[in-house]
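> Sharing a structure with you now.
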Amino acid sequence: MEVIRQDILLGKLTPGQKLVVADLKEHYQVGASPIREALVQLSWKKYVKFAPQKGCWVAPVSVEELTDLFNAHHLISHELLKKAILQGDEAWELNILTSYHKLSRLNPTSDNADLSEWEQRHGDFHIAILSGSNSPVLLDLYLDIYEQLKRYRHIWLSQSRDSENRYHDSGEHEALMKAVLDRDIELAQKIMNEHSKNAVSSVSPYL
């Protein structure tokens, strides 16, 4: 499943592209059963769409879905952020510092950047902050939404490298880290909200 997932994230399998088991079997050099199982699992993560009697496709992308995902992300992450700041311990703080340091060492728009590695570190940073909430049900909901947003970030990052809209570190991650470690709930939520708004406005032109 991971190889197909990465090809969807990297745009090798494009939004709306029909996925034929026979073609995927030949391309990935694996049996039909693992391919079918991978497609089912990817449908659970909403990377793939099934249509009865018609087959399956890479899930489409749209500005409307992106906005809806970020609205849900906003509601859930704000509650998790508040809980984390109120309940996070010393180990939680150290994990935030470590994950931020790893994230800051990668520039996703450099010519030789590993987008998958940057995405992993970006996710690790945000999850490190929210994991202090001690709310596994809400965190699972957040992770489901975050997984769907990965596709949009990859589209933006891969297509914006040579444009004026390319990613640049405006200091939001560092500011968020500092606000969280200072236990400033209002400021941390404000920074996270601006971070999400900036992401929507940056990604939208590429959909």
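If you're wondering about the labels, chains in the structure tokens are A, B, ... by order shown, residues count from 1 in each chain, ligands from 1 in order shown.
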Find the residues around Glu117 (chain A) up to 12 Å (only C-alpha atoms counted), leave out those fewer than 2 positions away in its own chain, and share them as a PyMOL selection string.

chain A and resi 6+102-103+105-108+112-115+119-124+154

> For N, CA, C and O atoms, I'd like the residues from the last selection saved as a CSV table (one decimal), in the first residue's frame.


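Printed below is part.csv as written:
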chain,number,residue,atom,x,y,z
A,6,GLN,N,2.5,6.6,-1.9
A,6,GLN,CA,3.5,7.6,-2.2
A,6,GLN,C,3.4,8.1,-3.6
A,6,GLN,O,3.6,9.3,-3.9
A,102,LYS,N,14.2,19.1,14.0
A,102,LYS,CA,14.3,18.2,12.8
A,102,LYS,C,13.5,18.9,11.6
A,102,LYS,O,14.0,18.8,10.5
A,103,LEU,N,12.4,19.5,11.9
A,103,LEU,CA,11.6,20.1,10.8
A,103,LEU,C,12.4,21.3,10.2
A,103,LEU,O,12.5,21.5,9.0
A,105,ARG,N,15.4,21.8,9.8
A,105,ARG,CA,16.6,21.5,9.0
A,105,ARG,C,16.3,21.1,7.6
A,105,ARG,O,17.3,20.9,6.8
A,106,LEU,N,15.1,21.1,7.2
A,106,LEU,CA,14.7,20.7,5.8
A,106,LEU,C,14.0,21.9,5.1
A,106,LEU,O,13.1,22.5,5.7
A,107,ASN,N,14.4,22.1,3.9
A,107,ASN,CA,13.7,23.1,3.0
A,107,ASN,C,13.0,22.4,1.9
A,107,ASN,O,13.6,21.8,1.0
A,108,PRO,N,11.6,22.3,2.0
A,108,PRO,CA,10.9,21.4,1.0
A,108,PRO,C,11.0,21.9,-0.4
A,108,PRO,O,10.6,21.2,-1.3
A,112,ASN,N,16.6,19.3,-4.4
A,112,ASN,CA,16.8,17.9,-4.1
A,112,ASN,C,16.1,17.5,-2.8
A,112,ASN,O,16.4,16.5,-2.1
A,113,ALA,N,15.1,18.3,-2.5
A,113,ALA,CA,14.3,18.0,-1.2
A,113,ALA,C,13.5,16.7,-1.3
A,113,ALA,O,12.9,16.4,-2.4
A,114,ASP,N,13.5,16.0,-0.2
A,114,ASP,CA,12.7,14.8,-0.1
A,114,ASP,C,11.3,15.3,0.5
A,114,ASP,O,11.2,15.5,1.7
A,115,LEU,N,10.3,15.4,-0.3
A,115,LEU,CA,9.0,15.9,0.1
A,115,LEU,C,8.4,15.0,1.1
A,115,LEU,O,7.7,15.4,2.1
A,119,GLU,N,7.3,16.1,4.8
A,119,GLU,CA,5.9,15.9,5.3
A,119,GLU,C,5.9,15.1,6.6
A,119,GLU,O,5.1,15.4,7.5
A,120,GLN,N,6.8,14.1,6.7
A,120,GLN,CA,6.8,13.3,7.9
A,120,GLN,C,7.2,14.2,9.1
A,120,GLN,O,6.6,14.1,10.2
A,121,ARG,N,8.3,15.0,8.9
A,121,ARG,CA,8.7,15.9,10.0
A,121,ARG,C,7.7,17.0,10.3
A,121,ARG,O,7.6,17.3,11.5
A,122,HIS,N,7.0,17.5,9.3
A,122,HIS,CA,6.0,18.5,9.5
A,122,HIS,C,4.9,17.9,10.4
A,122,HIS,O,4.4,18.5,11.3
A,123,GLY,N,4.4,16.7,10.0
A,123,GLY,CA,3.4,16.0,10.8
A,123,GLY,C,3.9,15.7,12.2
A,123,GLY,O,3.1,15.9,13.1
A,124,ASP,N,5.1,15.2,12.3
A,124,ASP,CA,5.6,14.9,13.6
A,124,ASP,C,5.6,16.1,14.6
A,124,ASP,O,5.3,16.0,15.8
A,154,HIS,N,1.3,18.1,-0.9
A,154,HIS,CA,2.3,17.6,-1.9
A,154,HIS,C,2.0,18.2,-3.2
A,154,HIS,O,3.0,18.5,-3.9

> Using only C-alpha atoms, determine which residues lie at most 9 Å from Pro60 (chain A), disregarding the query and same-chain residues fewer than 4 positions distant; provide the list as a list of chain:residue names.

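Skipping anything fewer than 4 positions along the chain leaves A:Thr14, A:Pro15, A:Gly16, A:Gln17, A:Tyr47, A:Val48, A:Lys49.
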
> Emit the selected residues as a PDB file, in the first residue's frame, including N, CA, C and O atoms.


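The file below, result-v7.pdb, is the result:
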ATOM      1  N   THR A  14      -2.381  10.549 -10.641  1.00  0.00           N
ATOM      2  CA  THR A  14      -2.974  11.880 -10.531  1.00  0.00           C
ATOM      3  C   THR A  14      -4.431  11.837 -10.078  1.00  0.00           C
ATOM      4  O   THR A  14      -5.123  10.828 -10.279  1.00  0.00           O
ATOM      5  N   PRO A  15      -4.926  12.914  -9.466  1.00  0.00           N
ATOM      6  CA  PRO A  15      -6.328  12.966  -9.047  1.00  0.00           C
ATOM      7  C   PRO A  15      -7.270  12.674 -10.210  1.00  0.00           C
ATOM      8  O   PRO A  15      -7.137  13.230 -11.294  1.00  0.00           O
ATOM      9  N   GLY A  16      -8.201  11.756  -9.969  1.00  0.00           N
ATOM     10  CA  GLY A  16      -9.156  11.384 -10.995  1.00  0.00           C
ATOM     11  C   GLY A  16      -8.711  10.256 -11.907  1.00  0.00           C
ATOM     12  O   GLY A  16      -9.505   9.762 -12.710  1.00  0.00           O
ATOM     13  N   GLN A  17      -7.451   9.829 -11.819  1.00  0.00           N
ATOM     14  CA  GLN A  17      -6.943   8.766 -12.685  1.00  0.00           C
ATOM     15  C   GLN A  17      -7.576   7.434 -12.305  1.00  0.00           C
ATOM     16  O   GLN A  17      -7.641   7.062 -11.148  1.00  0.00           O
ATOM     17  N   TYR A  47      -7.883   8.239  -0.103  1.00  0.00           N
ATOM     18  CA  TYR A  47      -6.968   8.500  -1.212  1.00  0.00           C
ATOM     19  C   TYR A  47      -7.550   7.947  -2.514  1.00  0.00           C
ATOM     20  O   TYR A  47      -7.176   8.374  -3.607  1.00  0.00           O
ATOM     21  N   VAL A  48      -8.449   6.979  -2.384  1.00  0.00           N
ATOM     22  CA  VAL A  48      -9.024   6.281  -3.532  1.00  0.00           C
ATOM     23  C   VAL A  48     -10.538   6.261  -3.388  1.00  0.00           C
ATOM     24  O   VAL A  48     -11.060   6.158  -2.271  1.00  0.00           O
ATOM     25  N   LYS A  49     -11.231   6.376  -4.533  1.00  0.00           N
ATOM     26  CA  LYS A  49     -12.686   6.325  -4.551  1.00  0.00           C
ATOM     27  C   LYS A  49     -13.140   5.108  -5.347  1.00  0.00           C
ATOM     28  O   LYS A  49     -12.616   4.840  -6.429  1.00  0.00           O
TER      29      LYS A  49
END

> Neighbours of Ser62 (chain A) within 10 Å (only C-alpha atoms; same-chain residues fewer than 6 positions away dropped), as a PyMOL selection string?

chain A and resi 15+68+152+204+206-207

> Tell me, as a list in words, which residues lie within 12 Å of Asp89 (chain A), counting only C-alpha atoms; anything in the same chain fewer than 6 positions away does not count.

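Near Asp89 (chain A), the qualifying residues are Lys83, Asn95, Ile96, Ala128, Ile129, Ser131, Gly132, Ser133, Asn134, Val180, Leu181 and Arg183 of chain A.
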
> Take the residues just selected and output them with N, CA, C and O atoms as a PDB file, in the first residue's frame.


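Wrote it out as out-v7.pdb, contents follow:
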ATOM      1  N   LYS A  83      -6.038  21.652  25.330  1.00  0.00           N
ATOM      2  CA  LYS A  83      -5.835  20.558  26.277  1.00  0.00           C
ATOM      3  C   LYS A  83      -4.350  20.263  26.479  1.00  0.00           C
ATOM      4  O   LYS A  83      -3.886  20.026  27.594  1.00  0.00           O
ATOM      5  N   ASN A  95       9.785  16.757  23.443  1.00  0.00           N
ATOM      6  CA  ASN A  95       9.395  16.191  22.150  1.00  0.00           C
ATOM      7  C   ASN A  95       9.093  17.297  21.140  1.00  0.00           C
ATOM      8  O   ASN A  95       9.441  17.190  19.950  1.00  0.00           O
ATOM      9  N   ILE A  96       8.473  18.372  21.584  1.00  0.00           N
ATOM     10  CA  ILE A  96       8.189  19.517  20.708  1.00  0.00           C
ATOM     11  C   ILE A  96       9.484  20.141  20.220  1.00  0.00           C
ATOM     12  O   ILE A  96       9.653  20.424  19.022  1.00  0.00           O
ATOM     13  N   ALA A 128       3.382  16.257  17.790  1.00  0.00           N
ATOM     14  CA  ALA A 128       4.091  16.379  19.062  1.00  0.00           C
ATOM     15  C   ALA A 128       3.411  17.411  19.958  1.00  0.00           C
ATOM     16  O   ALA A 128       3.278  17.204  21.173  1.00  0.00           O
ATOM     17  N   ILE A 129       2.973  18.509  19.368  1.00  0.00           N
ATOM     18  CA  ILE A 129       2.287  19.539  20.143  1.00  0.00           C
ATOM     19  C   ILE A 129       0.959  19.022  20.683  1.00  0.00           C
ATOM     20  O   ILE A 129       0.646  19.151  21.872  1.00  0.00           O
ATOM     21  N   SER A 131      -0.181  15.957  21.026  1.00  0.00           N
ATOM     22  CA  SER A 131      -0.194  14.689  21.761  1.00  0.00           C
ATOM     23  C   SER A 131      -0.251  14.888  23.269  1.00  0.00           C
ATOM     24  O   SER A 131      -0.620  13.977  24.004  1.00  0.00           O
ATOM     25  N   GLY A 132       0.094  16.074  23.727  1.00  0.00           N
ATOM     26  CA  GLY A 132       0.011  16.355  25.156  1.00  0.00           C
ATOM     27  C   GLY A 132      -1.405  16.494  25.666  1.00  0.00           C
ATOM     28  O   GLY A 132      -1.632  16.649  26.868  1.00  0.00           O
ATOM     29  N   SER A 133      -2.381  16.428  24.778  1.00  0.00           N
ATOM     30  CA  SER A 133      -3.787  16.627  25.145  1.00  0.00           C
ATOM     31  C   SER A 133      -4.374  15.461  25.922  1.00  0.00           C
ATOM     32  O   SER A 133      -5.395  15.612  26.584  1.00  0.00           O
ATOM     33  N   ASN A 134      -3.759  14.276  25.799  1.00  0.00           N
ATOM     34  CA  ASN A 134      -4.294  13.075  26.446  1.00  0.00           C
ATOM     35  C   ASN A 134      -5.740  12.813  26.045  1.00  0.00           C
ATOM     36  O   ASN A 134      -6.580  12.445  26.873  1.00  0.00           O
ATOM     37  N   VAL A 180       3.400  27.799  22.467  1.00  0.00           N
ATOM     38  CA  VAL A 180       2.984  26.580  23.172  1.00  0.00           C
ATOM     39  C   VAL A 180       3.825  26.376  24.425  1.00  0.00           C
ATOM     40  O   VAL A 180       3.296  26.105  25.510  1.00  0.00           O
ATOM     41  N   LEU A 181       5.142  26.498  24.290  1.00  0.00           N
ATOM     42  CA  LEU A 181       6.016  26.279  25.443  1.00  0.00           C
ATOM     43  C   LEU A 181       5.846  27.363  26.506  1.00  0.00           C
ATOM     44  O   LEU A 181       6.104  27.128  27.687  1.00  0.00           O
ATOM     45  N   ARG A 183       2.998  28.389  27.216  1.00  0.00           N
ATOM     46  CA  ARG A 183       1.653  28.065  27.722  1.00  0.00           C
ATOM     47  C   ARG A 183       0.662  29.194  27.448  1.00  0.00           C
ATOM     48  O   ARG A 183      -0.248  29.461  28.250  1.00  0.00           O
TER      49      ARG A 183
END

> Mind the document's chain letters and residue numbers, and return as a compact mmCIF listing (two decimals) with C-alpha atoms, in the first residue's frame the residues of region 9-63 of chain A that DSSP labels strand (DSSP E or B).


# COMPACT_ATOMS: atom_id res chain seq x y z
CA LYS A 18 -8.61 5.38 -13.05
CA LEU A 19 -6.82 2.58 -11.23
CA VAL A 48 -9.02 6.28 -3.53
CA LYS A 49 -12.69 6.33 -4.55
CA PHE A 50 -14.72 3.26 -5.52
CA ALA A 51 -17.75 3.33 -7.84
CA GLY A 55 -13.98 0.48 -10.73
CA CYS A 56 -11.86 2.87 -8.70
CA TRP A 57 -10.01 6.13 -9.19
CA VAL A 58 -7.51 8.30 -7.39

> Find, counting only C-alpha atoms, the residue in A:Ile76, A:Leu139, A:Ile155, A:Ala22 that gets nearest to Gln189 (chain A).

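The shortest atom-to-atom distance to Gln189 (chain A) comes from A:Ile76.
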
> Given only C-alpha atoms as the basis, pick out the residue of A:Asp144, A:Glu172, A:Glu65, A:Glu194 nearest to Ser104 (chain A).

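Looking at the shortest contact to Ser104 (chain A), the residue is A:Glu172.
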
> Using only C-alpha atoms, which of A:Ser77, A:Ser116, A:Gln29, A:Asn193 sits nearest Ser158 (chain A)?

A:Ser116

> For His173 (chain A), which of A:Val200, A:Tyr100, A:Met1, A:Ile145 is the closest residue, counting only C-alpha atoms?

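Closest to His173 (chain A) of all the choices is A:Tyr100.
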
> If you count only C-alpha atoms, which residues fall within 9 Å of Ala179 (chain A), apart from same-chain ones fewer than 6 positions away, as a list in words?

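Near Ala179 (chain A), the qualifying residues are Ile185, Glu186, Leu187, Ala188, Gln189 and Ile191 of chain A.
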
> With N, CA, C and O atoms retained, export the selected residues as a PDB file, in the first residue's frame.


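Result file follows (out27.pdb):
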ATOM      1  N   ILE A 185      -2.239  29.968  25.462  1.00  0.00           N
ATOM      2  CA  ILE A 185      -3.264  29.301  24.661  1.00  0.00           C
ATOM      3  C   ILE A 185      -3.803  30.212  23.566  1.00  0.00           C
ATOM      4  O   ILE A 185      -3.904  29.822  22.398  1.00  0.00           O
ATOM      5  N   GLU A 186      -4.146  31.445  23.924  1.00  0.00           N
ATOM      6  CA  GLU A 186      -4.746  32.364  22.953  1.00  0.00           C
ATOM      7  C   GLU A 186      -3.798  32.646  21.786  1.00  0.00           C
ATOM      8  O   GLU A 186      -4.204  32.598  20.616  1.00  0.00           O
ATOM      9  N   LEU A 187      -2.537  32.922  22.086  1.00  0.00           N
ATOM     10  CA  LEU A 187      -1.576  33.208  21.022  1.00  0.00           C
ATOM     11  C   LEU A 187      -1.313  31.971  20.171  1.00  0.00           C
ATOM     12  O   LEU A 187      -1.241  32.057  18.940  1.00  0.00           O
ATOM     13  N   ALA A 188      -1.171  30.822  20.801  1.00  0.00           N
ATOM     14  CA  ALA A 188      -0.908  29.590  20.055  1.00  0.00           C
ATOM     15  C   ALA A 188      -2.061  29.269  19.104  1.00  0.00           C
ATOM     16  O   ALA A 188      -1.834  28.887  17.946  1.00  0.00           O
ATOM     17  N   GLN A 189      -3.295  29.439  19.565  1.00  0.00           N
ATOM     18  CA  GLN A 189      -4.446  29.189  18.702  1.00  0.00           C
ATOM     19  C   GLN A 189      -4.503  30.195  17.554  1.00  0.00           C
ATOM     20  O   GLN A 189      -4.848  29.839  16.416  1.00  0.00           O
ATOM     21  N   ILE A 191      -1.921  31.707  16.116  1.00  0.00           N
ATOM     22  CA  ILE A 191      -0.853  31.359  15.165  1.00  0.00           C
ATOM     23  C   ILE A 191      -1.264  30.143  14.342  1.00  0.00           C
ATOM     24  O   ILE A 191      -1.063  30.100  13.117  1.00  0.00           O
TER      25      ILE A 191
END

> Determine, counting only C-alpha atoms, which protein, DNA and RNA residues have an atom within 10 Å of an atom of Ile35 (chain A); residues of the same chain fewer than 2 positions away are not included. Present the result as a PyMOL selection string.

chain A and resi 1+4+20-22+24-25+28-33+37-41

> Filtering to all heavy atoms, could you give me those residues as a short mmCIF file (atom, residue, chain, number, x, y, z; two decimals), in the first residue's frame?


data_model
loop_
_atom_site.label_atom_id
_atom_site.label_comp_id
_atom_site.auth_asym_id
_atom_site.auth_seq_id
_atom_site.Cartn_x
_atom_site.Cartn_y
_atom_site.Cartn_z
N MET A 1 0.82 -1.21 0.00
CA MET A 1 0.00 0.00 0.00
C MET A 1 0.85 1.25 0.00
O MET A 1 0.52 2.24 -0.64
CB MET A 1 -0.92 0.01 1.22
CG MET A 1 -1.84 1.24 1.25
SD MET A 1 -2.81 1.41 2.77
CE MET A 1 -1.57 2.01 3.91
N ILE A 4 1.96 2.69 -3.47
CA ILE A 4 0.86 3.32 -4.20
C ILE A 4 0.51 4.66 -3.54
O ILE A 4 0.28 5.66 -4.22
CB ILE A 4 -0.37 2.40 -4.25
CG1 ILE A 4 -0.03 1.11 -4.96
CG2 ILE A 4 -1.54 3.11 -4.95
CD1 ILE A 4 -1.17 0.09 -4.99
N VAL A 20 -6.59 0.57 -12.57
CA VAL A 20 -6.94 -0.76 -13.07
C VAL A 20 -5.99 -1.76 -12.44
O VAL A 20 -4.76 -1.61 -12.54
CB VAL A 20 -6.83 -0.81 -14.61
CG1 VAL A 20 -7.18 -2.20 -15.13
CG2 VAL A 20 -7.73 0.25 -15.24
N VAL A 21 -6.54 -2.78 -11.80
CA VAL A 21 -5.73 -3.74 -11.06
C VAL A 21 -4.68 -4.39 -11.96
O VAL A 21 -3.52 -4.54 -11.57
CB VAL A 21 -6.63 -4.82 -10.41
CG1 VAL A 21 -5.77 -5.94 -9.81
CG2 VAL A 21 -7.50 -4.19 -9.33
N ALA A 22 -5.06 -4.74 -13.16
CA ALA A 22 -4.12 -5.40 -14.07
C ALA A 22 -2.93 -4.49 -14.38
O ALA A 22 -1.78 -4.96 -14.43
CB ALA A 22 -4.84 -5.80 -15.36
N LEU A 24 -1.84 -1.95 -12.50
CA LEU A 24 -1.05 -1.76 -11.27
C LEU A 24 -0.23 -3.01 -10.94
O LEU A 24 0.91 -2.90 -10.48
CB LEU A 24 -1.99 -1.43 -10.10
CG LEU A 24 -2.78 -0.12 -10.22
CD1 LEU A 24 -3.77 0.00 -9.07
CD2 LEU A 24 -1.86 1.08 -10.27
N LYS A 25 -0.82 -4.16 -11.21
CA LYS A 25 -0.10 -5.42 -10.98
C LYS A 25 1.17 -5.47 -11.82
O LYS A 25 2.24 -5.84 -11.33
CB LYS A 25 -1.02 -6.59 -11.34
CG LYS A 25 -0.39 -7.95 -11.23
CD LYS A 25 -1.38 -9.03 -11.67
CE LYS A 25 -0.71 -10.40 -11.70
NZ LYS A 25 -1.64 -11.46 -12.17
N TYR A 28 3.76 -2.54 -10.56
CA TYR A 28 4.41 -2.74 -9.26
C TYR A 28 4.98 -4.15 -9.09
O TYR A 28 5.62 -4.43 -8.08
CB TYR A 28 3.43 -2.42 -8.13
CG TYR A 28 3.03 -0.97 -8.08
CD1 TYR A 28 1.75 -0.56 -8.46
CD2 TYR A 28 3.93 0.01 -7.68
CE1 TYR A 28 1.38 0.78 -8.43
CE2 TYR A 28 3.58 1.35 -7.64
CZ TYR A 28 2.30 1.73 -8.02
OH TYR A 28 1.93 3.06 -7.99
N GLN A 29 4.71 -5.00 -10.06
CA GLN A 29 5.26 -6.36 -10.03
C GLN A 29 4.85 -7.12 -8.76
O GLN A 29 5.68 -7.75 -8.08
CB GLN A 29 6.78 -6.33 -10.17
CG GLN A 29 7.28 -5.83 -11.52
CD GLN A 29 6.89 -6.75 -12.67
OE1 GLN A 29 7.30 -7.90 -12.71
NE2 GLN A 29 6.08 -6.24 -13.58
N VAL A 30 3.57 -7.03 -8.44
CA VAL A 30 3.01 -7.79 -7.32
C VAL A 30 1.70 -8.42 -7.77
O VAL A 30 1.17 -8.08 -8.83
CB VAL A 30 2.77 -6.90 -6.08
CG1 VAL A 30 4.07 -6.37 -5.53
CG2 VAL A 30 1.82 -5.76 -6.41
N GLY A 31 1.17 -9.33 -6.96
CA GLY A 31 -0.06 -10.01 -7.32
C GLY A 31 -1.29 -9.13 -7.22
O GLY A 31 -1.27 -8.04 -6.63
N ALA A 32 -2.37 -9.64 -7.79
CA ALA A 32 -3.62 -8.88 -7.81
C ALA A 32 -4.21 -8.71 -6.40
O ALA A 32 -4.76 -7.65 -6.08
CB ALA A 32 -4.64 -9.56 -8.72
N SER A 33 -4.08 -9.74 -5.57
CA SER A 33 -4.66 -9.66 -4.22
C SER A 33 -4.05 -8.54 -3.37
O SER A 33 -4.79 -7.76 -2.75
CB SER A 33 -4.51 -11.00 -3.50
OG SER A 33 -5.29 -11.98 -4.12
N GLU A 37 -6.14 -5.27 -1.96
CA GLU A 37 -6.12 -4.96 -0.52
C GLU A 37 -5.60 -3.54 -0.28
O GLU A 37 -6.14 -2.80 0.55
CB GLU A 37 -5.23 -5.96 0.22
CG GLU A 37 -5.19 -5.73 1.72
CD GLU A 37 -4.31 -6.74 2.44
OE1 GLU A 37 -3.90 -7.73 1.81
OE2 GLU A 37 -4.03 -6.53 3.64
N ALA A 38 -4.56 -3.15 -1.03
CA ALA A 38 -4.00 -1.81 -0.89
C ALA A 38 -5.03 -0.76 -1.29
O ALA A 38 -5.17 0.28 -0.62
CB ALA A 38 -2.75 -1.67 -1.75
N LEU A 39 -5.78 -1.00 -2.36
CA LEU A 39 -6.77 -0.03 -2.81
C LEU A 39 -7.90 0.13 -1.79
O LEU A 39 -8.40 1.24 -1.57
CB LEU A 39 -7.34 -0.45 -4.17
CG LEU A 39 -6.36 -0.43 -5.35
CD1 LEU A 39 -7.03 -0.93 -6.62
CD2 LEU A 39 -5.80 0.98 -5.56
N VAL A 40 -8.29 -0.99 -1.17
CA VAL A 40 -9.32 -0.91 -0.13
C VAL A 40 -8.82 -0.08 1.04
O VAL A 40 -9.53 0.80 1.55
CB VAL A 40 -9.73 -2.33 0.34
CG1 VAL A 40 -10.60 -2.24 1.59
CG2 VAL A 40 -10.47 -3.07 -0.76
N GLN A 41 -7.59 -0.34 1.48
CA GLN A 41 -7.03 0.42 2.60
C GLN A 41 -6.90 1.90 2.25
O GLN A 41 -7.15 2.78 3.10
CB GLN A 41 -5.67 -0.16 2.99
CG GLN A 41 -5.76 -1.54 3.61
CD GLN A 41 -4.41 -2.08 4.04
OE1 GLN A 41 -3.53 -1.32 4.45
NE2 GLN A 41 -4.23 -3.38 3.95
#
